[in-house]
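Novice: Handing you this structure, nothing more for now.
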There are 2 protein chains.
Amino acid sequence: MARIKIADVAREALVSATTVSLILNGRNTDRFPESTRLRVHRVAQELGYEPNVLARGLRTQRTHTIGLISDRIATTPYAVRMVEAAQDVAREHGRLLFLVNTGGDAEVERDAVRALLAQQVDGLVYACMWHRPVDPPEGLPTGTVFLDCFPREGGFPSVVPDDREGARTAVDLLVRTGHRRIAFVDIGEEPVPLASGLRHAGYLEVLRTAGITPDPAWHVHAKAATAADARVAVDSLLALPAHRRPTALFCFNDRIAAGAYASARHHGVRIPQDLSVVGYDDQQLIATELDPPLTTVALPHYEMGRWATEVLLGVRTPPDTGEGILRMPCPLVERESVCPPSASPGQPADDGQ
Amino acid sequence: MARIKIADVAREALVSATTVSLILNGRNTDRFPESTRLRVHRVAQELGYEPNVLARGLRTQRTHTIGLISDRIATTPYAVRMVEAAQDVAREHGRLLFLVNTGGDAEVERDAVRALLAQQVDGLVYACMWHRPVDPPEGLPTGTVFLDCFPREGGFPSVVPDDREGARTAVDLLVRTGHRRIAFVDIGEEPVPLASGLRHAGYLEVLRTAGITPDPAWHVHAKAATAADARVAVDSLLALPAHRRPTALFCFNDRIAAGAYASARHHGVRIPQDLSVVGYDDQQLIATELDPPLTTVALPHYEMGRWATEVLLGVRTPPDTGEGILRMPCPLVERESVCPPSASPGQPADDGQ
DNA sequence: ATTCTTTAGTCAATCGGTTTACTACCGGTC
DNA sequence: GACCGGTAGTAAACCGATTGACTAAAGAAT
């Protein structure tokens, strides 16, 4: 019942371990006649030989394993598709994936890096749950790839979502649909300042291009990114006098949008007839389950995860721009929460000035 | 820049590699005087020595790694907390976790088992996204633990949610709150026949105990477990004549419940005043974001993941019942979607007969 | 007959630790 | 002077593969 080792195969095939190794790895195969090759392969098969990858890795200094260090992506539903992508790429290339969640604790993070390097992993992906700059732990090997975050000091290839462009896409849809009074339902201070700023910037750019001067009252903040807090924020928008009340909402994310739905419902405001809503993230379980289904901007988690892992494995080359950060496009996912503004409340085409 | 190895420490500390190994591993330490111990520790520290775990594992035949094989749990938001638990337990015990998602493909699964065994993992957890019997791949080492599923042929410790008891808890809450007309919004044929059957059984048991004869029209099926399909099913319940119309819904899961909310809204039926709703799963992102927040039965994903991994590591003993399956309780999570039935529609306390 | 090539392999070192079995030295005892 | 026990280590085998250097035997060329 003990594991079959190369010596067992060698003995059974009446050759040396060297020969077995060379043949099974397809090296210098022309050195051996067909008969020997077939015999070795057959015996290995019959005995169910599987090389011990520890021994191999010790000798070759390559383990065909990679490490994925993240704060919490594997333990929360948000960004789980990044793990899926890393896993898929690893498998496609015959690699095995070590997964470590640190919970964001710096000491755990250092331990994780140490443990993974002690395992002689061939490479590391350092991932975050949301787009932000990070101060990575010391000792990261060169070649480490950053996923959904980037090292403040630079120096490593990184991939993040293009939040500003995504916001532009969302708000542009609303403008093209005929809306002029468009609010941005932001989140409070923490915890996503970078994404929040970028999405807000994109929002403002589109309004400016469209010649719309935003009413300051249209920028509201949910205390936290929960539906309950968002509802409070949106309540204040719907309480605005008719001519200032927005006809469309660009929400920082889908949970905020869920809160907007709740607020609208309690004000007797119909979505999308009376209020169009666009979210961000395309969060499974929210965007599609809302009623009506939510038009939103998708975070390209899978694509980012794939890119990062492929760069790590060297099957794709990182951008050679100075900063080495790839901004991945965020595609618009149109569902049913957007329609032209009804002509009724407020003036028909008021604030063009 | 090359990695520091034990020989480097030995040379620097003026002892042999044997001594370094013995001291750093705390074995036979009384053999060495304090001075030597301190010197070795200091040199190791200064040089930043980290043992190569491949080499160690090769010799000791223990790698301190475990493998988690799953169909899709790490790539979908549903059961991600099982991964979190496995990860936590692994870390608590100084283990590293290999994660492999097979997508449910039997061949990929076999490859995964082979690859993980080739890595000399110390143990394997075999997990599924939802509670069901499985035909596990051949070659699973003894000691493998099954998580959220169990091998049809038995023979391995397993942990699954106690769906029947969970359903009882849910329906019992409704009965205790005063409901007598309680519907079960089930899912269609696939893909969760086991859980569906168990939850239905629990539902029937409570009704029987309460002396309620269920109206056959109260058992409806959503074609698939999506909100849209569930809405159709619930529409048919709400179209029932008032004296047969249920005052409460027990939904197979939270997505079904989300569909029930949509249906209710479109019928002008208020939750919970006109219709109480209980879900199942306590799915993050749904249960709390619904309006009103959903009362539901939680799937103990974290607890199950922890149990499985702890059994694997031998820090907890599996049940010695014949089948070796632990049924983990599913706690009720009370939120705001349940209240006593309003006395208005139907008769006040009609069908006690 | 000798030398050279080619064929078909093998030997032994190596990767970096762990572990078993051994030893050199010292002071004290008989 | 032989023996003993304790102290403070070390040498070498070992885990299971890979790999650079080498070789025995057969056949071809000179």
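So you can find residues: chains in the structure tokens are A, B, ... in the order shown, residues in each start at 1, and ligands are numbered from 1 in order.
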Identify, on the basis of only C-alpha atoms (C1' of nucleotides), every residue whose closest approach to segment 18-27 of chain C does not exceed 12 Å; exclude the query and any residue fewer than 5 positions from it along the same chain; express the result as a ChimeraX atom specification.
Specialist: /B:6,17-25,27-28,51-53,55-62 /D:4-15
Novice: Using C-alpha atoms (C1' of nucleotides), can you write the selected residues to a file as a CSV table (one decimal), in the first residue's frame?
Specialist:
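Written out: again_25.csv:
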```csv
chain,number,residue,atom,x,y,z
B,6,ILE,CA,20.7,25.0,7.2
B,17,ALA,CA,23.7,20.9,10.5
B,18,THR,CA,22.5,18.2,12.8
B,19,THR,CA,22.8,20.5,15.8
B,20,VAL,CA,21.0,23.3,14.1
B,21,SER,CA,18.2,21.1,13.1
B,22,LEU,CA,17.8,19.6,16.6
B,23,ILE,CA,17.9,22.9,18.3
B,24,LEU,CA,15.6,24.8,16.0
B,25,ASN,CA,13.1,22.0,16.2
B,27,ARG,CA,14.3,18.2,20.0
B,28,ASN,CA,16.7,16.8,22.6
B,51,PRO,CA,13.6,25.8,6.4
B,52,ASN,CA,12.8,24.5,3.0
B,53,VAL,CA,9.6,22.6,3.6
B,55,ALA,CA,13.2,19.0,1.9
B,56,ARG,CA,11.7,18.6,5.3
B,57,GLY,CA,8.6,17.0,4.0
B,58,LEU,CA,10.6,14.6,1.9
B,59,ARG,CA,12.3,13.3,4.9
B,60,THR,CA,9.5,13.5,7.5
B,61,GLN,CA,6.7,12.4,5.2
B,62,ARG,CA,4.5,15.2,6.5
D,4,DC,C1',31.7,4.5,33.9
D,5,DG,C1',28.5,8.1,33.0
D,6,DG,C1',27.5,12.4,31.5
D,7,DT,C1',28.2,16.2,28.3
D,8,DA,C1',28.3,18.0,23.8
D,9,DG,C1',28.2,17.2,20.0
D,10,DT,C1',29.0,14.9,14.8
D,11,DA,C1',29.0,11.6,10.6
D,12,DA,C1',26.5,9.5,7.5
D,13,DA,C1',22.3,7.5,5.9
D,14,DC,C1',18.0,8.8,4.2
D,15,DC,C1',13.7,10.8,1.9
```
Novice: Counting only C-alpha atoms (C1' of nucleotides), a student should be able to say which residues of chain C come within 8 Å of chain B; what is the right answer, written as a VMD selection string?
Specialist: chain C and resid 15 to 18
Novice: Within 9 Å of chain A, which residues of chain B come that close, and what is the closest atom pair and distance in Å for each? Count only C-alpha atoms and give it as CSV.
Specialist:
```
residue,atom,partner,partner_atom,distance
B:Glu50,CA,A:Ala118,CA,6.3
B:Pro51,CA,A:Ala118,CA,6.4
B:Asn52,CA,A:Ala118,CA,5.2
B:Val53,CA,A:Gln119,CA,5.6
B:Leu54,CA,A:Leu54,CA,5.2
B:Ala55,CA,A:Leu58,CA,6.2
B:Gly57,CA,A:Leu54,CA,7.1
B:Leu58,CA,A:Leu54,CA,6.1
B:Arg72,CA,A:Glu84,CA,8.5
B:Ala74,CA,A:Ala74,CA,6.6
B:Thr75,CA,A:Glu84,CA,4.8
B:Thr76,CA,A:Val80,CA,6.2
B:Pro77,CA,A:Pro77,CA,4.0
B:Tyr78,CA,A:Pro77,CA,7.1
B:Ala79,CA,A:Pro77,CA,8.5
B:Val80,CA,A:Thr75,CA,5.4
B:Arg81,CA,A:Thr75,CA,5.5
B:Met82,CA,A:Thr75,CA,8.1
B:Val83,CA,A:Thr75,CA,6.4
B:Glu84,CA,A:Thr75,CA,4.8
B:Ala85,CA,A:Thr75,CA,8.5
B:Gln87,CA,A:Val100,CA,6.9
B:Asp88,CA,A:Asn101,CA,8.2
B:Arg91,CA,A:Val100,CA,8.6
B:Leu96,CA,A:Phe98,CA,7.2
B:Leu97,CA,A:Phe98,CA,5.7
B:Phe98,CA,A:Phe98,CA,4.6
B:Leu99,CA,A:Leu97,CA,5.9
B:Val100,CA,A:Gln87,CA,7.0
B:Asn101,CA,A:Gln87,CA,7.0
B:Ala112,CA,A:Leu96,CA,8.9
B:Arg114,CA,A:Glu50,CA,7.8
B:Ala115,CA,A:Leu96,CA,7.9
B:Leu116,CA,A:Leu96,CA,8.3
B:Leu117,CA,A:Asn52,CA,8.5
B:Ala118,CA,A:Asn52,CA,5.2
B:Gln119,CA,A:Val53,CA,5.5
B:Gln120,CA,A:Asn52,CA,7.3
B:Thr226,CA,A:Glu289,CA,7.7
B:Ala227,CA,A:Glu289,CA,5.8
B:Ala228,CA,A:Glu289,CA,7.7
B:Arg255,CA,A:Glu289,CA,7.5
B:Ala258,CA,A:Glu289,CA,6.8
B:Gly259,CA,A:Glu289,CA,7.6
B:Ala262,CA,A:Asp291,CA,6.3
B:Gln283,CA,A:Leu285,CA,8.9
B:Gln284,CA,A:Pro77,CA,7.8
B:Leu285,CA,A:Ile286,CA,6.6
B:Ile286,CA,A:Leu285,CA,6.6
B:Thr288,CA,A:Ala227,CA,8.3
B:Glu289,CA,A:Ala227,CA,5.8
B:Leu290,CA,A:Ala258,CA,8.0
B:Asp291,CA,A:Ala262,CA,6.4
B:Pro292,CA,A:Ala262,CA,8.8
```
Novice: Write to file, as a PDB file, in the first residue's frame, the residues of the selection just made, with C-alpha atoms.
Specialist:
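This is the output file result-v9.pdb:
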```pdb
ATOM      1  CA  GLU B  50      13.533  29.545   6.812  1.00  0.00           C
ATOM      2  CA  PRO B  51      13.615  25.778   6.422  1.00  0.00           C
ATOM      3  CA  ASN B  52      12.787  24.465   2.999  1.00  0.00           C
ATOM      4  CA  VAL B  53       9.620  22.557   3.634  1.00  0.00           C
ATOM      5  CA  LEU B  54      10.020  20.420   0.563  1.00  0.00           C
ATOM      6  CA  ALA B  55      13.211  18.978   1.927  1.00  0.00           C
ATOM      7  CA  GLY B  57       8.559  16.998   3.965  1.00  0.00           C
ATOM      8  CA  LEU B  58      10.569  14.619   1.862  1.00  0.00           C
ATOM      9  CA  ARG B  72     -17.500  25.217  -7.053  1.00  0.00           C
ATOM     10  CA  ALA B  74     -14.662  28.767  -3.859  1.00  0.00           C
ATOM     11  CA  THR B  75     -15.971  30.278  -7.042  1.00  0.00           C
ATOM     12  CA  THR B  76     -19.504  31.123  -6.091  1.00  0.00           C
ATOM     13  CA  PRO B  77     -20.792  33.355  -3.374  1.00  0.00           C
ATOM     14  CA  TYR B  78     -23.006  30.719  -1.778  1.00  0.00           C
ATOM     15  CA  ALA B  79     -20.834  28.647   0.402  1.00  0.00           C
ATOM     16  CA  VAL B  80     -17.699  30.660   0.563  1.00  0.00           C
ATOM     17  CA  ARG B  81     -17.666  30.596   4.329  1.00  0.00           C
ATOM     18  CA  MET B  82     -16.821  26.926   4.250  1.00  0.00           C
ATOM     19  CA  VAL B  83     -13.572  27.922   2.597  1.00  0.00           C
ATOM     20  CA  GLU B  84     -13.069  30.611   5.173  1.00  0.00           C
ATOM     21  CA  ALA B  85     -13.484  28.092   7.964  1.00  0.00           C
ATOM     22  CA  GLN B  87      -8.599  28.368   5.916  1.00  0.00           C
ATOM     23  CA  ASP B  88      -8.949  29.536   9.509  1.00  0.00           C
ATOM     24  CA  ARG B  91      -3.871  28.554   9.886  1.00  0.00           C
ATOM     25  CA  LEU B  96      -1.325  25.564   4.414  1.00  0.00           C
ATOM     26  CA  LEU B  97      -4.320  24.961   2.209  1.00  0.00           C
ATOM     27  CA  PHE B  98      -4.353  23.787  -1.389  1.00  0.00           C
ATOM     28  CA  LEU B  99      -7.566  24.774  -3.075  1.00  0.00           C
ATOM     29  CA  VAL B 100      -8.876  22.986  -6.124  1.00  0.00           C
ATOM     30  CA  ASN B 101     -12.173  23.621  -7.802  1.00  0.00           C
ATOM     31  CA  ALA B 112      -7.072  16.885  -8.605  1.00  0.00           C
ATOM     32  CA  ARG B 114      -3.794  12.663  -7.976  1.00  0.00           C
ATOM     33  CA  ALA B 115      -2.118  16.058  -8.003  1.00  0.00           C
ATOM     34  CA  LEU B 116      -2.798  16.640  -4.343  1.00  0.00           C
ATOM     35  CA  LEU B 117      -1.572  13.217  -3.329  1.00  0.00           C
ATOM     36  CA  ALA B 118       1.546  13.759  -5.434  1.00  0.00           C
ATOM     37  CA  GLN B 119       2.029  16.860  -3.304  1.00  0.00           C
ATOM     38  CA  GLN B 120       1.965  14.564  -0.290  1.00  0.00           C
ATOM     39  CA  THR B 226     -34.152  32.199  -9.253  1.00  0.00           C
ATOM     40  CA  ALA B 227     -36.241  35.088  -8.066  1.00  0.00           C
ATOM     41  CA  ALA B 228     -37.974  35.343 -11.430  1.00  0.00           C
ATOM     42  CA  ARG B 255     -33.540  33.610  -3.586  1.00  0.00           C
ATOM     43  CA  ALA B 258     -36.704  37.336  -2.968  1.00  0.00           C
ATOM     44  CA  GLY B 259     -39.059  36.230  -5.732  1.00  0.00           C
ATOM     45  CA  ALA B 262     -41.457  40.655  -5.831  1.00  0.00           C
ATOM     46  CA  GLN B 283     -27.509  34.218   2.224  1.00  0.00           C
ATOM     47  CA  GLN B 284     -25.353  37.267   2.737  1.00  0.00           C
ATOM     48  CA  LEU B 285     -26.375  39.970   0.259  1.00  0.00           C
ATOM     49  CA  ILE B 286     -29.948  38.751   0.047  1.00  0.00           C
ATOM     50  CA  THR B 288     -30.258  41.377   4.980  1.00  0.00           C
ATOM     51  CA  GLU B 289     -30.806  43.529   1.910  1.00  0.00           C
ATOM     52  CA  LEU B 290     -34.397  42.585   1.300  1.00  0.00           C
ATOM     53  CA  ASP B 291     -37.015  45.010   2.479  1.00  0.00           C
ATOM     54  CA  PRO B 292     -38.057  44.106   5.113  1.00  0.00           C
TER      55      PRO B 292
END
```
Novice: Write out as an MDAnalysis selection string which residues come within 10 Å of DA24 of chain D when counting only C-alpha atoms (C1' of nucleotides), dropping same-chain ones fewer than 5 positions away.
Specialist: chainID C and resid 8:10
Novice: I'd like the neighbourhood of DT5 of chain C as a PDB file with C-alpha atoms (C1' of nucleotides), in the first residue's frame, where a residue qualifies if any of its atoms comes within 10 Å (using only C-alpha atoms (C1' of nucleotides)), though same-chain residues fewer than 6 positions away should be ignored.
Specialist:
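Saved to around_6.pdb:
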```pdb
ATOM      1  C1'  DG D  27      29.382  -2.527 -35.162  1.00  0.00           C
ATOM      2  C1'  DA D  28      31.977   0.242 -38.586  1.00  0.00           C
ATOM      3  C1'  DA D  29      36.067   2.096 -40.336  1.00  0.00           C
TER       4       DA D  29
END
```
Novice: DSSP on the backbone: what in segment 19-268 of chain B comes out alpha helix (DSSP H), as number ranges by chain?
Specialist: B: 19-24, 34-47, 53-60, 80-92, 106-118, 163-176, 193-209, 227-238, 254-266
Novice: For a test of reading the model, state the distance in Å between atom CA of Thr29 of chain B and atom CA of Glu12 of chain B, rounded to one decimal.
Specialist: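 A separation of 19.4 Å between them.
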Novice: According to DSSP computed on the backbone, where in segment 63-210 of chain B is there strand (DSSP E or B)? Give the residues as a ChimeraX atom specification.
Specialist: /B:65-70,96-101,123-134,145-151,158-161,182-187
Novice: Can you check which parts of chain D lie within 8 Å of chain A? Per residue, the shortest pair of atoms and distance in Å to one decimal, counting only C-alpha atoms (C1' of nucleotides), sorted by chain and number, as a tab-separated table.
Specialist:
```
residue	atom	partner	partner_atom	distance
D:DC15	C1'	A:Ala55	CA	7.9
D:DG16	C1'	A:Ala55	CA	5.0
D:DA17	C1'	A:Arg56	CA	4.8
D:DT18	C1'	A:Arg59	CA	6.1
```
Novice: What's the 9 Å shell around Asp281 of chain A, counting only C-alpha atoms (C1' of nucleotides), without same-chain residues fewer than 6 positions away, as a ChimeraX atom specification?
Specialist: /A:78,252-254,287,296-300,330
Novice: Mind dumping the selected residues with C-alpha atoms as a short mmCIF file (atom, residue, chain, number, x, y, z; two decimals), in the first residue's frame?
Specialist:
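Here's the written file selection_37.cif:
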```cif
data_model
loop_
_atom_site.label_atom_id
_atom_site.label_comp_id
_atom_site.auth_asym_id
_atom_site.auth_seq_id
_atom_site.Cartn_x
_atom_site.Cartn_y
_atom_site.Cartn_z
CA TYR A 78 -17.89 39.82 -3.49
CA PHE A 252 -21.64 53.68 -5.83
CA ASN A 253 -22.48 49.98 -5.85
CA ASP A 254 -25.28 47.49 -6.06
CA ALA A 287 -28.27 42.91 -9.37
CA THR A 296 -25.13 48.18 -13.48
CA VAL A 297 -21.46 48.33 -14.33
CA ALA A 298 -19.65 45.05 -13.91
CA LEU A 299 -16.39 44.73 -12.05
CA PRO A 300 -14.29 42.47 -14.25
CA CYS A 330 -15.78 47.68 -16.60
#
```
Novice: Separation of atom CA of Ser337 of chain A and atom CA of Asp172 of chain A, in Å?
Specialist: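 Taking atom CA of Ser337 of chain A as the start and atom CA of Asp172 of chain A as the end point, the length is 14.8 Å.
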Novice: Can you pull out the residues contacting Leu204 of chain B? Cut-off 10 Å, using only C-alpha atoms (C1' of nucleotides), and skip same-chain residues under 6 positions away; I want them as a PyMOL selection string.
Specialist: chain B and resi 164+167-168+171+184+198+210+212-214
Novice: Output N, CA and C atoms for every residue in that selection, as a PDB file, in the first residue's frame.
Specialist:
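Okay, out.pdb is ready:
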```
ATOM      1  N   ARG B 164     -33.852  18.944   7.643  1.00  0.00           N
ATOM      2  CA  ARG B 164     -35.198  18.639   8.109  1.00  0.00           C
ATOM      3  C   ARG B 164     -35.502  19.407   9.400  1.00  0.00           C
ATOM      4  N   ALA B 167     -35.977  23.077   8.702  1.00  0.00           N
ATOM      5  CA  ALA B 167     -37.310  23.368   8.178  1.00  0.00           C
ATOM      6  C   ALA B 167     -38.332  23.359   9.306  1.00  0.00           C
ATOM      7  N   ARG B 168     -38.180  22.400  10.194  1.00  0.00           N
ATOM      8  CA  ARG B 168     -39.100  22.345  11.339  1.00  0.00           C
ATOM      9  C   ARG B 168     -39.052  23.650  12.130  1.00  0.00           C
ATOM     10  N   VAL B 171     -40.898  26.441  10.143  1.00  0.00           N
ATOM     11  CA  VAL B 171     -42.351  26.318  10.075  1.00  0.00           C
ATOM     12  C   VAL B 171     -42.953  26.417  11.475  1.00  0.00           C
ATOM     13  N   PHE B 184     -45.423  26.025   1.068  1.00  0.00           N
ATOM     14  CA  PHE B 184     -44.000  25.708   0.884  1.00  0.00           C
ATOM     15  C   PHE B 184     -43.654  26.010  -0.562  1.00  0.00           C
ATOM     16  N   LEU B 198     -35.910  17.015   2.203  1.00  0.00           N
ATOM     17  CA  LEU B 198     -35.790  17.105   3.655  1.00  0.00           C
ATOM     18  C   LEU B 198     -36.557  18.300   4.200  1.00  0.00           C
ATOM     19  N   ALA B 210     -49.166  20.174  14.359  1.00  0.00           N
ATOM     20  CA  ALA B 210     -50.054  21.273  14.721  1.00  0.00           C
ATOM     21  C   ALA B 210     -51.498  20.970  14.342  1.00  0.00           C
ATOM     22  N   ILE B 212     -52.651  20.594  11.308  1.00  0.00           N
ATOM     23  CA  ILE B 212     -53.056  21.306  10.096  1.00  0.00           C
ATOM     24  C   ILE B 212     -52.981  20.354   8.915  1.00  0.00           C
ATOM     25  N   THR B 213     -54.053  20.267   8.150  1.00  0.00           N
ATOM     26  CA  THR B 213     -54.022  19.471   6.930  1.00  0.00           C
ATOM     27  C   THR B 213     -53.652  20.396   5.783  1.00  0.00           C
ATOM     28  N   PRO B 214     -52.491  20.183   5.178  1.00  0.00           N
ATOM     29  CA  PRO B 214     -52.063  21.130   4.153  1.00  0.00           C
ATOM     30  C   PRO B 214     -52.918  21.027   2.894  1.00  0.00           C
TER      31      PRO B 214
END
```
Novice: Write out as a ChimeraX atom specification each polymer residue whose atoms come within 12 Å of DC30 of chain C, counting only C-alpha atoms (C1' of nucleotides); drop sequence neighbours fewer than 5 positions from it.
Specialist: /D:1-4
